[in-house]
Amino acid sequence: MFDDPDDFFSGDELQSASYTPPRMTADYIQLRFQLARFRVYRIAQLPLTFTFANLHTLIQYMFGRSDSHLHHAEVFPNVVLFDGESEALIGTIKSCGRRRPLEDYELGNPSAIDHWRRFSPENQPIYRVQPKVTHRKDMFDRVMTMEEKGLTLESIWSHNEANNVSDGQCSNARIAIIYTYDLGDEWTVHITCDQGDIFHHLDAPSNLPIFKLARGAPPIEHVQWDVIGEEEAEDKTVPPRFFDVSYFQGYCEGKITSASRKTKLEILTREEAEDQRLEYLRRQKERRDRIANGEQDEDEDEDDEEEEEYDDFDEE
């Protein structure tokens, strides 16, 4: 594995410089990002001008993903969270959704309204959000599809709840975003209002996130089996540099990489990533030389574990 040096740290790990920053604002919202099925979460304050495209980049950075799969998001009303039933379920959505609104042609038509009541699902989102949109409304369930670069957080949550995405039909606390990455494995993040006062006003306008809390990191990406020596997701460490917003800025500029490893979330500069890549290749060459010379490979188990940890780069 990794005979080609470029396979170790692939370009997909470094966010491209195409990131478009949101508008400057002093109005922020505090959100919880809960990785479904794991006791792994992030709490951050974000500009209300943050677009869903900005949100996608932020999630990839915060959870150490490679941005190498499809993704989408959905905005739901009537959200009910698991509460007190289990620590593992804190921040996870228990139920959500609504029936679609009646169409104009259905209003005043008893037969159409009866059909709507009997057959319209009760768990539909208000919006589906995609990187690119070809059809604004699904012809089957009639849910509106929005393009991620054009939809902002201030369109979802509002100081005046009558102006939130539900038009006041539910409170801000009962509105959530479900973000899904890798539509095969479905890594899902539930994005909800954090407890307490969710709106914050900064002394000066900004367009950068403020990282407040973080626990754990996801399982290693692109690995279809258990990795020897990988810790439980909630026990993985988060480095202090995660909370330094300059690293997120560097990530958006393609200068920083973020990846979940066996024991930690790893945030590296391009130079650090290159040094790590070269060190790994040096060890692999030494191992091959030992095997070719008929010597016992004392590091075989350790190297096998390392290959599994970094196997995602070999598949790019």
# chains A, B, ... in the order shown; residues from 1 in each chain; ligands from 1
>>> residues_around(residues="Leu46 in chain A", least_positions_apart="3", cutoff="8 Å", atoms="only C-alpha atoms", output="MDAnalysis selection string")
chainID A and resid 28:31 50 207:210
>>> residues_around(residues="Asn78 in chain A", least_positions_apart="6", cutoff="9 Å", atoms="only C-alpha atoms", output="mmCIF file with N, CA, C and O atoms, in the first residue's frame")
data_model
loop_
_atom_site.group_PDB
_atom_site.id
_atom_site.type_symbol
_atom_site.label_atom_id
_atom_site.label_comp_id
_atom_site.auth_asym_id
_atom_site.auth_seq_id
_atom_site.Cartn_x
_atom_site.Cartn_y
_atom_site.Cartn_z
ATOM 1 N N SER A 95 -38.183 12.595 17.063
ATOM 2 C CA SER A 95 -39.180 12.676 15.992
ATOM 3 C C SER A 95 -39.189 14.092 15.442
ATOM 4 O O SER A 95 -38.777 15.043 16.115
ATOM 5 N N CYS A 96 -39.662 14.235 14.205
ATOM 6 C CA CYS A 96 -39.720 15.556 13.586
ATOM 7 C C CYS A 96 -40.546 15.479 12.316
ATOM 8 O O CYS A 96 -40.867 14.392 11.831
ATOM 9 N N GLY A 97 -40.886 16.641 11.779
ATOM 10 C CA GLY A 97 -41.557 16.691 10.483
ATOM 11 C C GLY A 97 -42.991 17.183 10.560
ATOM 12 O O GLY A 97 -43.528 17.473 11.622
ATOM 13 N N ARG A 98 -43.602 17.273 9.391
ATOM 14 C CA ARG A 98 -44.962 17.774 9.262
ATOM 15 C C ARG A 98 -45.599 17.213 8.011
ATOM 16 O O ARG A 98 -44.927 16.605 7.166
ATOM 17 N N GLN A 169 -45.161 28.583 13.438
ATOM 18 C CA GLN A 169 -45.957 27.423 13.840
ATOM 19 C C GLN A 169 -45.269 26.613 14.928
ATOM 20 O O GLN A 169 -45.902 25.855 15.652
ATOM 21 N N CYS A 170 -43.940 26.732 15.034
ATOM 22 C CA CYS A 170 -43.240 26.139 16.174
ATOM 23 C C CYS A 170 -42.098 27.051 16.587
ATOM 24 O O CYS A 170 -41.665 27.923 15.838
ATOM 25 N N SER A 171 -41.646 26.860 17.815
ATOM 26 C CA SER A 171 -40.594 27.704 18.360
ATOM 27 C C SER A 171 -39.255 27.394 17.690
ATOM 28 O O SER A 171 -39.092 26.357 17.036
ATOM 29 N N ARG A 174 -37.760 24.041 18.419
ATOM 30 C CA ARG A 174 -38.362 22.860 17.805
ATOM 31 C C ARG A 174 -38.101 22.803 16.299
ATOM 32 O O ARG A 174 -38.793 22.110 15.557
ATOM 33 N N ILE A 175 -37.088 23.538 15.858
ATOM 34 C CA ILE A 175 -36.642 23.500 14.466
ATOM 35 C C ILE A 175 -35.220 22.938 14.441
ATOM 36 O O ILE A 175 -34.392 23.283 15.281
ATOM 37 N N ALA A 176 -34.936 22.065 13.495
ATOM 38 C CA ALA A 176 -33.616 21.441 13.431
ATOM 39 C C ALA A 176 -33.222 21.176 11.989
ATOM 40 O O ALA A 176 -34.068 21.123 11.089
#
>>> residues_around(residues="range 202-204 of chain A", least_positions_apart="6", cutoff="10 Å", atoms="only C-alpha atoms", output="MDAnalysis selection string")
chainID A and resid 24:28 47
>>> write_last_selection(atoms="N, CA, C and O atoms", output="PDB file, in the first residue's frame")
ATOM      1  N   MET A  24     -20.343  39.588   6.893  1.00  0.00           N
ATOM      2  CA  MET A  24     -20.008  39.985   8.254  1.00  0.00           C
ATOM      3  C   MET A  24     -21.288  40.351   9.006  1.00  0.00           C
ATOM      4  O   MET A  24     -22.198  40.978   8.456  1.00  0.00           O
ATOM      5  N   THR A  25     -21.349  39.976  10.276  1.00  0.00           N
ATOM      6  CA  THR A  25     -22.495  40.323  11.112  1.00  0.00           C
ATOM      7  C   THR A  25     -22.090  40.208  12.571  1.00  0.00           C
ATOM      8  O   THR A  25     -21.135  39.487  12.913  1.00  0.00           O
ATOM      9  N   ALA A  26     -22.819  40.910  13.428  1.00  0.00           N
ATOM     10  CA  ALA A  26     -22.606  40.777  14.868  1.00  0.00           C
ATOM     11  C   ALA A  26     -23.629  39.836  15.494  1.00  0.00           C
ATOM     12  O   ALA A  26     -23.564  39.554  16.693  1.00  0.00           O
ATOM     13  N   ASP A  27     -24.572  39.368  14.692  1.00  0.00           N
ATOM     14  CA  ASP A  27     -25.644  38.505  15.195  1.00  0.00           C
ATOM     15  C   ASP A  27     -25.277  37.036  15.002  1.00  0.00           C
ATOM     16  O   ASP A  27     -25.103  36.569  13.864  1.00  0.00           O
ATOM     17  N   TYR A  28     -25.203  36.314  16.112  1.00  0.00           N
ATOM     18  CA  TYR A  28     -24.765  34.918  16.113  1.00  0.00           C
ATOM     19  C   TYR A  28     -25.842  34.023  16.745  1.00  0.00           C
ATOM     20  O   TYR A  28     -26.690  34.502  17.509  1.00  0.00           O
ATOM     21  N   PRO A  47     -22.289  32.845  12.748  1.00  0.00           N
ATOM     22  CA  PRO A  47     -22.985  34.016  12.203  1.00  0.00           C
ATOM     23  C   PRO A  47     -24.329  33.591  11.612  1.00  0.00           C
ATOM     24  O   PRO A  47     -24.424  32.548  10.955  1.00  0.00           O
TER      25      PRO A  47
END
>>> select_by_dssp(residues="range 43-286 of chain A", states="strand (DSSP E or B)", output="number ranges by chain")
A: 43-47, 51, 71-76, 80-81, 93-95, 98, 124, 127-130, 137, 144-147, 152, 176-181, 187-193, 199-206, 210-215, 237, 256-260, 264-269
>>> residues_around(residues="Ala259 in chain A", least_positions_apart="5", cutoff="8 Å", atoms="only C-alpha atoms", output="JSON list (two decimals) with all heavy atoms, in the first residue's frame")
[["chain", "number", "residue", "atom", "x", "y", "z"],
["A", 13, "GLU", "N", -8.20, 15.79, 1.33],
["A", 13, "GLU", "CA", -8.19, 16.12, 2.75],
["A", 13, "GLU", "C", -8.06, 17.62, 2.98],
["A", 13, "GLU", "O", -8.35, 18.10, 4.05],
["A", 13, "GLU", "CB", -7.03, 15.42, 3.44],
["A", 13, "GLU", "CG", -7.31, 13.97, 3.70],
["A", 13, "GLU", "CD", -6.51, 13.51, 4.87],
["A", 13, "GLU", "OE1", -5.28, 13.50, 4.72],
["A", 13, "GLU", "OE2", -7.09, 13.17, 5.90],
["A", 61, "TYR", "N", -14.86, 19.99, 8.67],
["A", 61, "TYR", "CA", -13.71, 20.35, 9.51],
["A", 61, "TYR", "C", -13.89, 19.83, 10.93],
["A", 61, "TYR", "O", -12.98, 19.21, 11.50],
["A", 61, "TYR", "CB", -13.54, 21.87, 9.51],
["A", 61, "TYR", "CG", -12.55, 22.37, 10.54],
["A", 61, "TYR", "CD1", -11.18, 22.28, 10.32],
["A", 61, "TYR", "CD2", -13.00, 22.95, 11.73],
["A", 61, "TYR", "CE1", -10.27, 22.73, 11.26],
["A", 61, "TYR", "CE2", -12.10, 23.41, 12.68],
["A", 61, "TYR", "CZ", -10.73, 23.30, 12.45],
["A", 61, "TYR", "OH", -9.84, 23.74, 13.39],
["A", 63, "PHE", "N", -15.62, 17.45, 12.23],
["A", 63, "PHE", "CA", -15.68, 16.01, 12.46],
["A", 63, "PHE", "C", -14.60, 15.24, 11.69],
["A", 63, "PHE", "O", -14.60, 14.01, 11.69],
["A", 63, "PHE", "CB", -17.07, 15.48, 12.12],
["A", 63, "PHE", "CG", -18.14, 15.94, 13.08],
["A", 63, "PHE", "CD1", -18.96, 17.01, 12.76],
["A", 63, "PHE", "CD2", -18.30, 15.32, 14.31],
["A", 63, "PHE", "CE1", -19.93, 17.45, 13.64],
["A", 63, "PHE", "CE2", -19.27, 15.75, 15.20],
["A", 63, "PHE", "CZ", -20.09, 16.82, 14.87],
["A", 64, "GLY", "N", -13.69, 15.96, 11.05],
["A", 64, "GLY", "CA", -12.55, 15.30, 10.43],
["A", 64, "GLY", "C", -12.91, 14.41, 9.26],
["A", 64, "GLY", "O", -12.39, 13.30, 9.12],
["A", 65, "ARG", "N", -13.77, 14.91, 8.38],
["A", 65, "ARG", "CA", -14.17, 14.15, 7.19],
["A", 65, "ARG", "C", -13.45, 14.70, 5.96],
["A", 65, "ARG", "O", -12.91, 15.80, 5.96],
["A", 65, "ARG", "CB", -15.69, 14.21, 7.00],
["A", 65, "ARG", "CG", -16.51, 13.32, 7.95],
["A", 65, "ARG", "CD", -15.72, 12.23, 8.51],
["A", 65, "ARG", "NE", -16.49, 11.10, 9.02],
["A", 65, "ARG", "CZ", -15.91, 10.09, 9.65],
["A", 65, "ARG", "NH1", -14.62, 10.07, 9.83],
["A", 65, "ARG", "NH2", -16.62, 9.07, 10.09],
["A", 66, "SER", "N", -13.44, 13.89, 4.88],
["A", 66, "SER", "CA", -12.60, 14.19, 3.71],
["A", 66, "SER", "C", -13.34, 14.93, 2.59],
["A", 66, "SER", "O", -12.74, 15.25, 1.58],
["A", 66, "SER", "CB", -12.03, 12.89, 3.14],
["A", 66, "SER", "OG", -13.08, 12.05, 2.68],
["A", 265, "LEU", "N", -8.91, 13.45, 17.02],
["A", 265, "LEU", "CA", -9.13, 14.28, 15.84],
["A", 265, "LEU", "C", -7.79, 14.94, 15.55],
["A", 265, "LEU", "O", -7.20, 15.58, 16.43],
["A", 265, "LEU", "CB", -10.20, 15.34, 16.12],
["A", 265, "LEU", "CG", -10.46, 16.31, 14.97],
["A", 265, "LEU", "CD1", -11.22, 15.61, 13.84],
["A", 265, "LEU", "CD2", -11.25, 17.52, 15.45],
["A", 266, "GLU", "N", -7.32, 14.78, 14.32],
["A", 266, "GLU", "CA", -5.99, 15.28, 13.96],
["A", 266, "GLU", "C", -6.13, 16.48, 13.04],
["A", 266, "GLU", "O", -6.71, 16.38, 11.96],
["A", 266, "GLU", "CB", -5.18, 14.17, 13.29],
["A", 266, "GLU", "CG", -3.73, 14.50, 13.09],
["A", 266, "GLU", "CD", -2.94, 13.29, 12.63],
["A", 266, "GLU", "OE1", -3.18, 12.81, 11.50],
["A", 266, "GLU", "OE2", -2.11, 12.81, 13.41],
["A", 267, "ILE", "N", -5.60, 17.61, 13.47],
["A", 267, "ILE", "CA", -5.61, 18.84, 12.67],
["A", 267, "ILE", "C", -4.16, 19.22, 12.41],
["A", 267, "ILE", "O", -3.40, 19.51, 13.35],
["A", 267, "ILE", "CB", -6.36, 19.96, 13.40],
["A", 267, "ILE", "CG1", -7.82, 19.56, 13.60],
["A", 267, "ILE", "CG2", -6.26, 21.27, 12.61],
["A", 267, "ILE", "CD1", -8.63, 20.56, 14.41]]
>>> atom_distance(atom1="CA of Arg215 in chain A", atom2="CA of Ala173 in chain A")
22.1 Å
>>> residues_around(residues="range 144-148 of chain A", least_positions_apart="4", cutoff="9 Å", atoms="only C-alpha atoms", output="PyMOL selection string")
chain A and resi 51-56+72-73+125-138+152
>>> residues_around(residues="Met62 in chain A", least_positions_apart="5", cutoff="8 Å", atoms="only C-alpha atoms", output="count of residues only")
3
>>> closest_residue(among="A:Lys264, A:Gln276, A:Gly250, A:Phe199", to="Gly229 in chain A", atoms="only C-alpha atoms")
A:Lys264
>>> select_by_dssp(residues="range 164-311 of chain A", states="helix (DSSP H, G or I)", output="ChimeraX atom specification")
/A:172-174,233-235,240-243,245-252,270-292,300-309,311
>>> closest_residue(among="A:Gly168, A:Gly216, A:Pro240, A:Pro22", to="Arg261 in chain A", atoms="only C-alpha atoms")
A:Gly216
>>> closest_residue(among="A:Gly91, A:Pro77, A:Pro21, A:Gly294", to="Leu58 in chain A", atoms="only C-alpha atoms")
A:Pro21
>>> atom_distance(atom1="CA of Glu221 in chain A", atom2="CA of Gly254 in chain A")
19.7 Å
>>> atom_distance(atom1="CA of Gly184 in chain A", atom2="CA of Ser260 in chain A")
18.8 Å
>>> closest_residue(among="A:Ala162, A:Val143, A:Leu35, A:Val40", to="Ala214 in chain A", atoms="only C-alpha atoms")
A:Val40
